[in-house]
file my_file.pdb (PDB, C-alpha atoms, pLDDT in the B column)
ATOM      1  CA  MET A   1     104.950  -9.094 -28.671  1.00 48.00           C
ATOM      2  CA  PRO A   2     104.652  -5.791 -26.815  1.00 55.00           C
ATOM      3  CA  GLY A   3     101.452  -3.852 -27.409  1.00 57.00           C
ATOM      4  CA  PHE A   4      99.415  -6.739 -28.839  1.00 52.00           C
ATOM      5  CA  ASP A   5      97.088  -8.934 -26.799  1.00 54.00           C
ATOM      6  CA  PHE A   6      96.813 -12.375 -28.437  1.00 51.00           C
ATOM      7  CA  SER A   7      94.086 -13.504 -26.009  1.00 52.00           C
ATOM      8  CA  HIS A   8      91.458 -11.776 -28.194  1.00 55.00           C
ATOM      9  CA  ALA A   9      92.563 -13.367 -31.451  1.00 57.00           C
ATOM     10  CA  ILE A  10      89.855 -15.381 -33.160  1.00 58.00           C
ATOM     11  CA  PRO A  11      91.156 -18.863 -33.996  1.00 67.00           C
ATOM     12  CA  TYR A  12      91.068 -20.163 -37.543  1.00 80.00           C
ATOM     13  CA  THR A  13      88.931 -23.084 -38.518  1.00 88.00           C
ATOM     14  CA  TYR A  14      90.159 -25.589 -41.103  1.00 93.00           C
ATOM     15  CA  ASP A  15      87.192 -27.483 -42.463  1.00 96.00           C
ATOM     16  CA  THR A  16      84.996 -28.383 -45.421  1.00 97.00           C
ATOM     17  CA  ILE A  17      82.289 -26.046 -44.096  1.00 96.00           C
ATOM     18  CA  LEU A  18      82.372 -22.427 -42.936  1.00 97.00           C
ATOM     19  CA  PRO A  19      81.444 -21.409 -39.370  1.00 95.00           C
ATOM     20  CA  ALA A  20      77.671 -21.096 -38.937  1.00 94.00           C
ATOM     21  CA  ASN A  21      77.696 -17.906 -36.829  1.00 94.00           C
ATOM     22  CA  PRO A  22      80.827 -15.972 -37.763  1.00 95.00           C
ATOM     23  CA  SER A  23      81.862 -12.688 -36.189  1.00 94.00           C
ATOM     24  CA  ASN A  24      83.156  -9.729 -38.149  1.00 96.00           C
ATOM     25  CA  GLY A  25      86.801 -10.235 -39.087  1.00 94.00           C
ATOM     26  CA  GLN A  26      86.783 -13.945 -38.306  1.00 94.00           C
ATOM     27  CA  GLU A  27      88.988 -16.008 -40.585  1.00 95.00           C
ATOM     28  CA  ALA A  28      88.550 -19.575 -41.755  1.00 96.00           C
ATOM     29  CA  ILE A  29      90.282 -21.933 -44.140  1.00 96.00           C
ATOM     30  CA  LEU A  30      87.833 -23.720 -46.426  1.00 97.00           C
ATOM     31  CA  THR A  31      88.901 -26.887 -48.223  1.00 97.00           C
ATOM     32  CA  ASP A  32      87.238 -29.717 -50.073  1.00 97.00           C
ATOM     33  CA  SER A  33      88.980 -32.357 -47.920  1.00 97.00           C
ATOM     34  CA  VAL A  34      90.893 -32.131 -44.642  1.00 95.00           C
ATOM     35  CA  THR A  35      92.868 -35.305 -45.466  1.00 97.00           C
ATOM     36  CA  ASN A  36      93.674 -34.757 -49.170  1.00 96.00           C
ATOM     37  CA  PRO A  37      92.663 -31.249 -50.279  1.00 96.00           C
ATOM     38  CA  THR A  38      92.625 -30.126 -53.905  1.00 95.00           C
ATOM     39  CA  TYR A  39      92.198 -26.485 -52.837  1.00 97.00           C
ATOM     40  CA  THR A  40      92.446 -24.409 -49.656  1.00 97.00           C
ATOM     41  CA  TRP A  41      90.908 -20.951 -49.443  1.00 98.00           C
ATOM     42  CA  ARG A  42      91.686 -18.571 -46.589  1.00 97.00           C
ATOM     43  CA  LEU A  43      88.643 -16.359 -46.064  1.00 98.00           C
ATOM     44  CA  ARG A  44      87.706 -13.424 -43.801  1.00 97.00           C
ATOM     45  CA  TYR A  45      84.115 -12.676 -42.797  1.00 97.00           C
ATOM     46  CA  ASN A  46      83.019  -9.093 -43.551  1.00 98.00           C
ATOM     47  CA  ALA A  47      79.730  -8.424 -41.754  1.00 97.00           C
ATOM     48  CA  GLY A  48      79.606  -4.860 -43.155  1.00 97.00           C
ATOM     49  CA  SER A  49      79.783  -5.915 -46.787  1.00 97.00           C
ATOM     50  CA  SER A  50      76.789  -4.973 -48.925  1.00 97.00           C
ATOM     51  CA  SER A  51      77.335  -8.194 -50.901  1.00 97.00           C
ATOM     52  CA  ALA A  52      75.348 -11.336 -50.164  1.00 97.00           C
ATOM     53  CA  TYR A  53      78.733 -13.106 -50.164  1.00 98.00           C
ATOM     54  CA  LYS A  54      80.385 -12.047 -46.918  1.00 98.00           C
ATOM     55  CA  TRP A  55      83.339 -14.456 -46.821  1.00 98.00           C
ATOM     56  CA  GLU A  56      86.109 -12.638 -48.724  1.00 98.00           C
ATOM     57  CA  PHE A  57      89.075 -14.502 -50.213  1.00 98.00           C
ATOM     58  CA  ILE A  58      92.422 -13.392 -48.784  1.00 97.00           C
ATOM     59  CA  GLY A  59      94.676 -16.208 -50.000  1.00 97.00           C
ATOM     60  CA  GLY A  60      95.152 -19.857 -50.755  1.00 97.00           C
ATOM     61  CA  SER A  61      95.421 -22.286 -53.625  1.00 96.00           C
ATOM     62  CA  PRO A  62      92.984 -22.276 -56.548  1.00 96.00           C
ATOM     63  CA  LEU A  63      90.702 -25.094 -57.570  1.00 97.00           C
ATOM     64  CA  TYR A  64      92.611 -26.363 -60.614  1.00 96.00           C
ATOM     65  CA  THR A  65      92.281 -29.100 -63.194  1.00 93.00           C
ATOM     66  CA  SER A  66      94.223 -29.936 -66.349  1.00 91.00           C
ATOM     67  CA  THR A  67      94.429 -32.641 -68.993  1.00 85.00           C
ATOM     68  CA  GLY A  68      98.154 -32.731 -69.621  1.00 73.00           C
ATOM     69  CA  THR A  69      98.904 -33.391 -73.263  1.00 72.00           C
ATOM     70  CA  VAL A  70      95.557 -35.035 -74.064  1.00 70.00           C
ATOM     71  CA  SER A  71      94.143 -33.784 -77.383  1.00 73.00           C
ATOM     72  CA  ALA A  72      90.531 -32.945 -78.151  1.00 74.00           C
ATOM     73  CA  ALA A  73      89.374 -32.228 -81.701  1.00 78.00           C
ATOM     74  CA  ILE A  74      86.783 -29.519 -82.185  1.00 80.00           C
ATOM     75  CA  GLY A  75      85.151 -31.150 -85.218  1.00 82.00           C
ATOM     76  CA  VAL A  76      82.675 -28.319 -85.891  1.00 81.00           C
ATOM     77  CA  VAL A  77      83.042 -24.950 -87.582  1.00 85.00           C
ATOM     78  CA  ASN A  78      82.109 -21.566 -86.031  1.00 85.00           C
ATOM     79  CA  THR A  79      80.116 -23.166 -83.212  1.00 84.00           C
ATOM     80  CA  TRP A  80      81.042 -23.157 -79.530  1.00 85.00           C
ATOM     81  CA  LYS A  81      81.935 -26.673 -78.416  1.00 85.00           C
ATOM     82  CA  ASP A  82      82.386 -27.779 -74.818  1.00 84.00           C
ATOM     83  CA  ILE A  83      85.612 -29.729 -74.351  1.00 83.00           C
ATOM     84  CA  THR A  84      85.084 -32.330 -71.634  1.00 83.00           C
ATOM     85  CA  GLY A  85      87.749 -33.716 -69.331  1.00 84.00           C
ATOM     86  CA  THR A  86      88.663 -30.467 -67.591  1.00 89.00           C
ATOM     87  CA  ASP A  87      85.501 -29.753 -65.599  1.00 93.00           C
ATOM     88  CA  ILE A  88      85.286 -27.879 -62.312  1.00 96.00           C
ATOM     89  CA  VAL A  89      82.145 -27.986 -60.178  1.00 96.00           C
ATOM     90  CA  VAL A  90      81.551 -24.663 -58.385  1.00 97.00           C
ATOM     91  CA  PRO A  91      81.728 -25.574 -54.669  1.00 97.00           C
ATOM     92  CA  ARG A  92      79.751 -22.631 -53.198  1.00 97.00           C
ATOM     93  CA  ASN A  93      77.617 -19.691 -54.290  1.00 98.00           C
ATOM     94  CA  GLY A  94      79.742 -16.606 -54.786  1.00 98.00           C
ATOM     95  CA  GLU A  95      81.742 -14.317 -57.006  1.00 98.00           C
ATOM     96  CA  TYR A  96      84.686 -15.950 -58.764  1.00 97.00           C
ATOM     97  CA  PHE A  97      87.564 -15.449 -61.142  1.00 95.00           C
ATOM     98  CA  CYS A  98      87.901 -18.225 -63.695  1.00 93.00           C
ATOM     99  CA  LEU A  99      90.949 -18.727 -65.885  1.00 92.00           C
ATOM    100  CA  VAL A 100      91.005 -21.097 -68.840  1.00 91.00           C
ATOM    101  CA  GLY A 101      93.759 -21.909 -71.279  1.00 89.00           C
ATOM    102  CA  GLY A 102      95.293 -24.399 -73.624  1.00 87.00           C
ATOM    103  CA  ARG A 103      97.341 -24.912 -76.735  1.00 85.00           C
ATOM    104  CA  LEU A 104      95.392 -24.707 -79.996  1.00 84.00           C
ATOM    105  CA  GLY A 105      96.493 -26.151 -83.313  1.00 83.00           C
ATOM    106  CA  LEU A 106      95.392 -27.923 -86.459  1.00 80.00           C
ATOM    107  CA  THR A 107      95.060 -31.705 -86.114  1.00 79.00           C
ATOM    108  CA  THR A 108      95.528 -32.109 -89.900  1.00 78.00           C
ATOM    109  CA  GLY A 109      96.562 -29.719 -92.632  1.00 75.00           C
ATOM    110  CA  SER A 110      98.200 -26.349 -92.194  1.00 72.00           C
ATOM    111  CA  GLY A 111      97.439 -22.677 -92.418  1.00 70.00           C
ATOM    112  CA  ASN A 112      96.114 -19.851 -90.301  1.00 73.00           C
ATOM    113  CA  GLN A 113      92.780 -20.328 -88.535  1.00 76.00           C
ATOM    114  CA  GLN A 114      90.661 -17.979 -86.436  1.00 78.00           C
ATOM    115  CA  SER A 115      89.992 -19.638 -83.071  1.00 78.00           C
ATOM    116  CA  HIS A 116      88.523 -18.723 -79.702  1.00 79.00           C
ATOM    117  CA  ILE A 117      88.832 -20.215 -76.219  1.00 82.00           C
ATOM    118  CA  GLY A 118      86.525 -19.470 -73.300  1.00 85.00           C
ATOM    119  CA  VAL A 119      84.769 -21.105 -70.366  1.00 88.00           C
ATOM    120  CA  ALA A 120      81.148 -22.264 -70.236  1.00 89.00           C
ATOM    121  CA  ASP A 121      78.737 -22.871 -67.378  1.00 91.00           C
ATOM    122  CA  VAL A 122      77.387 -26.060 -68.934  1.00 90.00           C
ATOM    123  CA  SER A 123      74.750 -26.390 -66.196  1.00 90.00           C
ATOM    124  CA  VAL A 124      72.859 -23.535 -67.854  1.00 89.00           C
ATOM    125  CA  ASN A 125      74.406 -23.886 -71.345  1.00 81.00           C
ATOM    126  CA  THR A 126      76.165 -20.516 -71.308  1.00 78.00           C
ATOM    127  CA  ASN A 127      78.742 -20.461 -74.118  1.00 76.00           C
ATOM    128  CA  PRO A 128      81.049 -18.756 -73.387  1.00 81.00           C
ATOM    129  CA  LEU A 129      80.756 -17.454 -69.832  1.00 83.00           C
ATOM    130  CA  GLY A 130      81.938 -13.853 -69.850  1.00 71.00           C
ATOM    131  CA  LEU A 131      84.914 -12.956 -72.007  1.00 61.00           C
ATOM    132  CA  PHE A 132      86.906 -15.105 -74.367  1.00 68.00           C
ATOM    133  CA  VAL A 133      90.196 -14.708 -76.201  1.00 70.00           C
ATOM    134  CA  SER A 134      90.336 -14.726 -79.969  1.00 73.00           C
ATOM    135  CA  LEU A 135      93.462 -15.462 -81.970  1.00 71.00           C
ATOM    136  CA  VAL A 136      94.671 -16.503 -85.359  1.00 72.00           C
ATOM    137  CA  VAL A 137      96.374 -19.853 -84.860  1.00 69.00           C
ATOM    138  CA  ILE A 138      99.508 -20.449 -86.889  1.00 67.00           C
ATOM    139  CA  THR A 139     100.416 -24.129 -86.445  1.00 67.00           C
ATOM    140  CA  TYR A 140     100.193 -24.092 -82.593  1.00 75.00           C
ATOM    141  CA  ASP A 141      99.497 -21.193 -80.260  1.00 81.00           C
ATOM    142  CA  SER A 142      98.867 -20.992 -76.546  1.00 84.00           C
ATOM    143  CA  ALA A 143      95.908 -19.009 -75.286  1.00 83.00           C
ATOM    144  CA  ALA A 144      94.514 -18.077 -71.885  1.00 85.00           C
ATOM    145  CA  VAL A 145      91.679 -15.863 -70.686  1.00 86.00           C
ATOM    146  CA  GLU A 146      90.295 -14.770 -67.333  1.00 88.00           C
ATOM    147  CA  THR A 147      86.731 -13.765 -66.552  1.00 87.00           C
ATOM    148  CA  SER A 148      84.766 -12.951 -63.411  1.00 90.00           C
ATOM    149  CA  PHE A 149      81.260 -14.221 -62.774  1.00 91.00           C
ATOM    150  CA  VAL A 150      78.689 -15.051 -60.115  1.00 94.00           C
ATOM    151  CA  GLY A 151      78.755 -18.803 -59.619  1.00 94.00           C
ATOM    152  CA  VAL A 152      76.104 -21.153 -58.332  1.00 95.00           C
ATOM    153  CA  ALA A 153      77.122 -24.126 -56.192  1.00 97.00           C
ATOM    154  CA  GLY A 154      76.929 -27.364 -58.121  1.00 96.00           C
ATOM    155  CA  HIS A 155      77.235 -25.772 -61.577  1.00 96.00           C
ATOM    156  CA  THR A 156      79.859 -27.237 -63.897  1.00 95.00           C
ATOM    157  CA  LEU A 157      82.462 -25.065 -65.623  1.00 94.00           C
ATOM    158  CA  ARG A 158      84.177 -26.385 -68.740  1.00 90.00           C
ATOM    159  CA  PRO A 159      86.542 -25.023 -71.407  1.00 88.00           C
ATOM    160  CA  THR A 160      84.806 -24.171 -74.643  1.00 86.00           C
ATOM    161  CA  ILE A 161      86.365 -23.711 -78.059  1.00 85.00           C
ATOM    162  CA  GLN A 162      85.285 -22.260 -81.391  1.00 84.00           C
ATOM    163  CA  SER A 163      87.212 -22.282 -84.659  1.00 85.00           C
ATOM    164  CA  ALA A 164      86.917 -21.507 -88.339  1.00 82.00           C
ATOM    165  CA  SER A 165      88.329 -25.001 -88.995  1.00 82.00           C
ATOM    166  CA  ALA A 166      86.855 -28.388 -88.070  1.00 83.00           C
ATOM    167  CA  ASN A 167      90.467 -29.647 -87.956  1.00 83.00           C
ATOM    168  CA  MET A 168      91.344 -27.487 -84.935  1.00 83.00           C
ATOM    169  CA  GLY A 169      92.324 -29.285 -81.745  1.00 82.00           C
ATOM    170  CA  VAL A 170      93.224 -28.256 -78.219  1.00 84.00           C
ATOM    171  CA  TRP A 171      95.991 -29.717 -76.041  1.00 85.00           C
ATOM    172  CA  ASP A 172      97.250 -29.020 -72.531  1.00 88.00           C
ATOM    173  CA  ARG A 173      93.965 -27.404 -71.548  1.00 88.00           C
ATOM    174  CA  TRP A 174      93.465 -26.233 -67.989  1.00 91.00           C
ATOM    175  CA  LEU A 175      90.885 -24.506 -65.830  1.00 93.00           C
ATOM    176  CA  ARG A 176      91.437 -22.569 -62.604  1.00 96.00           C
ATOM    177  CA  LEU A 177      88.809 -21.197 -60.186  1.00 97.00           C
ATOM    178  CA  ILE A 178      89.588 -18.574 -57.520  1.00 97.00           C
ATOM    179  CA  PRO A 179      86.911 -17.059 -55.288  1.00 98.00           C
ATOM    180  CA  LYS A 180      86.520 -13.319 -54.834  1.00 98.00           C
ATOM    181  CA  ARG A 181      83.913 -13.761 -52.094  1.00 98.00           C
ATOM    182  CA  ILE A 182      81.534 -16.573 -51.239  1.00 98.00           C
ATOM    183  CA  SER A 183      78.672 -17.419 -48.909  1.00 96.00           C
TER     184      SER A 183
END

call {"tool": "encode", "arguments": {"input": "my_file.pdb", "output": "structure tokens"}}
result
Amino acid sequence: MPGFDFSHAIPYTYDTILPANPSNGQEAILTDSVTNPTYTWRLRYNAGSSSAYKWEFIGGSPLYTSTGTVSAAIGVVNTWKDITGTDIVVPRNGEYFCLVGGRLGLTTGSGNQQSHIGVADVSVNTNPLGLFVSLVVITYDSAAVETSFVGVAGHTLRPTIQSASANMGVWDRWLRLIPKRIS
């Protein structure tokens, strides 16, 4: 290509770890497995950033988990309850976007019920983490919410539900984690 010298381009790395001594503008693809990845994050190192997290997300696939049609009953009233089976372990320290969703409905009976869905950092018992969506469920309703937070590597994120009815259940729940910037 005329006018561009490719000899100075910094090659990408594709690995489960980030380069130890990156240069400004260097890009890397971080994954959890080079043979069977569940996520791939393309990152660019920003040495001039005032953040402690200098690897900035510029694309890739999110860390995602879902339960399919598996049901989980809440069983308690007006208390946040962690719903297991859809956990994500935060892979690195950093700033993240987390999206959580599912389909809420009464397991028995009928009527309108006030319900909430959010995400918890169960490693520190934070219910819910950041924002949550609140809705009045009429038979079955889908709900989703996104929040941003500073995550600690090794902490477990999990959907959390609260309802005015002990007969509320959640189906098709899912959790998605996307980095903003990481270390």

call {"tool": "atom_distance", "arguments": {"input": "my_file.pdb", "atom1": "atom CA of A:Asn112", "atom2": "atom CA of A:Ser142"}}
result
14.1 Å

call {"tool": "atom_distance", "arguments": {"input": "my_file.pdb", "atom1": "atom CA of A:Gly102", "atom2": "atom CA of A:Thr79"}}
result
18.0 Å

call {"tool": "atom_distance", "arguments": {"input": "my_file.pdb", "atom1": "atom CA of A:Gly59", "atom2": "atom CA of A:Gly118"}}
result
24.9 Å

call {"tool": "residues_around", "arguments": {"input": "my_file.pdb", "residues": "A:Tyr64", "least_positions_apart": "3", "cutoff": "12 Å", "atoms": "all atoms listed in the file", "output": "PDB file with C-alpha atoms, keeping the file's coordinate frame"}}
result
ATOM      1  CA  PRO A  37      92.663 -31.249 -50.279  1.00 96.00           C
ATOM      2  CA  THR A  38      92.625 -30.126 -53.905  1.00 95.00           C
ATOM      3  CA  TYR A  39      92.198 -26.485 -52.837  1.00 97.00           C
ATOM      4  CA  THR A  40      92.446 -24.409 -49.656  1.00 97.00           C
ATOM      5  CA  SER A  61      95.421 -22.286 -53.625  1.00 96.00           C
ATOM      6  CA  THR A  67      94.429 -32.641 -68.993  1.00 85.00           C
ATOM      7  CA  THR A  86      88.663 -30.467 -67.591  1.00 89.00           C
ATOM      8  CA  ASP A  87      85.501 -29.753 -65.599  1.00 93.00           C
ATOM      9  CA  ILE A  88      85.286 -27.879 -62.312  1.00 96.00           C
ATOM     10  CA  VAL A  89      82.145 -27.986 -60.178  1.00 96.00           C
ATOM     11  CA  VAL A  90      81.551 -24.663 -58.385  1.00 97.00           C
ATOM     12  CA  CYS A  98      87.901 -18.225 -63.695  1.00 93.00           C
ATOM     13  CA  LEU A  99      90.949 -18.727 -65.885  1.00 92.00           C
ATOM     14  CA  VAL A 100      91.005 -21.097 -68.840  1.00 91.00           C
ATOM     15  CA  GLY A 101      93.759 -21.909 -71.279  1.00 89.00           C
ATOM     16  CA  LEU A 157      82.462 -25.065 -65.623  1.00 94.00           C
ATOM     17  CA  ARG A 158      84.177 -26.385 -68.740  1.00 90.00           C
ATOM     18  CA  ARG A 173      93.965 -27.404 -71.548  1.00 88.00           C
ATOM     19  CA  TRP A 174      93.465 -26.233 -67.989  1.00 91.00           C
ATOM     20  CA  LEU A 175      90.885 -24.506 -65.830  1.00 93.00           C
ATOM     21  CA  ARG A 176      91.437 -22.569 -62.604  1.00 96.00           C
ATOM     22  CA  LEU A 177      88.809 -21.197 -60.186  1.00 97.00           C
ATOM     23  CA  ILE A 178      89.588 -18.574 -57.520  1.00 97.00           C
TER      24      ILE A 178
END

call {"tool": "residues_around", "arguments": {"input": "my_file.pdb", "residues": "A:Thr160", "least_positions_apart": "3", "cutoff": "6 Å", "atoms": "only C-alpha atoms", "output": "PyMOL selection string"}}
result
chain A and resi 81-83+117-119

call {"tool": "axis_aligned_box", "arguments": {"input": "my_file.pdb", "around": "stretch 142-148 of chain A", "padding_each_side": "5 Å", "output": "JSON"}}
result
{"center_x": 91.8, "center_y": -17.0, "center_z": -70.0, "size_x": 24.1, "size_y": 18.0, "size_z": 23.1}

call {"tool": "closest_residue", "arguments": {"input": "my_file.pdb", "among": "A:Gly60, A:Gly151, A:Pro22, A:Pro159", "to": "A:Asp172", "atoms": "only C-alpha atoms"}}
result
A:Pro159

call {"tool": "residues_near_point", "arguments": {"input": "my_file.pdb", "point": "(77.6, -28.4, -58.5)", "cutoff": "9 Å", "atoms": "all atoms listed in the file", "output": "ChimeraX atom specification"}}
result
/A:88-92,123,152-156

call {"tool": "closest_residue", "arguments": {"input": "my_file.pdb", "among": "A:Gly48, A:Gly85, A:Ile182, A:Ala144", "to": "A:Thr65", "atoms": "only C-alpha atoms"}}
result
A:Gly85

call {"tool": "closest_residue", "arguments": {"input": "my_file.pdb", "among": "A:Thr84, A:Ser71, A:Asp141, A:Ile161", "to": "A:Asn127", "atoms": "only C-alpha atoms"}}
result
A:Ile161

call {"tool": "resolve_selection", "arguments": {"input": "my_file.pdb", "expression": "the PyMOL selection byres ((chain A and resi 113) around 9)", "output": "count of residues only"}}
result
16

call {"tool": "closest_residue", "arguments": {"input": "my_file.pdb", "among": "A:Trp80, A:Thr147, A:Arg44, A:Asn36", "to": "A:Thr126", "atoms": "all atoms listed in the file"}}
result
A:Trp80

call {"tool": "resolve_selection", "arguments": {"input": "my_file.pdb", "expression": "the PyMOL selection byres ((chain A and resi 13) around 7)", "output": "PyMOL selection string"}}
result
chain A and resi 11-12+14-15+28-29

call {"tool": "closest_atom_pairs", "arguments": {"input": "my_file.pdb", "of": "stretch 93-182 of chain A", "to": "stretch 52-57 of chain A", "cutoff": "9 Å", "atoms": "only C-alpha atoms", "output": "Markdown table"}}
result
| residue | atom | partner | partner_atom | distance |
| --- | --- | --- | --- | --- |
| A:Asn93 | CA | A:Tyr53 | CA | 7.9 |
| A:Gly94 | CA | A:Tyr53 | CA | 5.9 |
| A:Glu95 | CA | A:Tyr53 | CA | 7.6 |
| A:Ile178 | CA | A:Phe57 | CA | 8.4 |
| A:Pro179 | CA | A:Phe57 | CA | 6.1 |
| A:Lys180 | CA | A:Phe57 | CA | 5.4 |
| A:Arg181 | CA | A:Glu56 | CA | 4.2 |
| A:Ile182 | CA | A:Tyr53 | CA | 4.6 |

call {"tool": "write_last_selection", "arguments": {"input": "my_file.pdb", "atoms": "C-alpha atoms", "output": "compact mmCIF listing (two decimals), in the coordinates of the input"}}
result
# COMPACT_ATOMS: atom_id res chain seq x y z
CA ASN A 93 77.62 -19.69 -54.29
CA GLY A 94 79.74 -16.61 -54.79
CA GLU A 95 81.74 -14.32 -57.01
CA ILE A 178 89.59 -18.57 -57.52
CA PRO A 179 86.91 -17.06 -55.29
CA LYS A 180 86.52 -13.32 -54.83
CA ARG A 181 83.91 -13.76 -52.09
CA ILE A 182 81.53 -16.57 -51.24
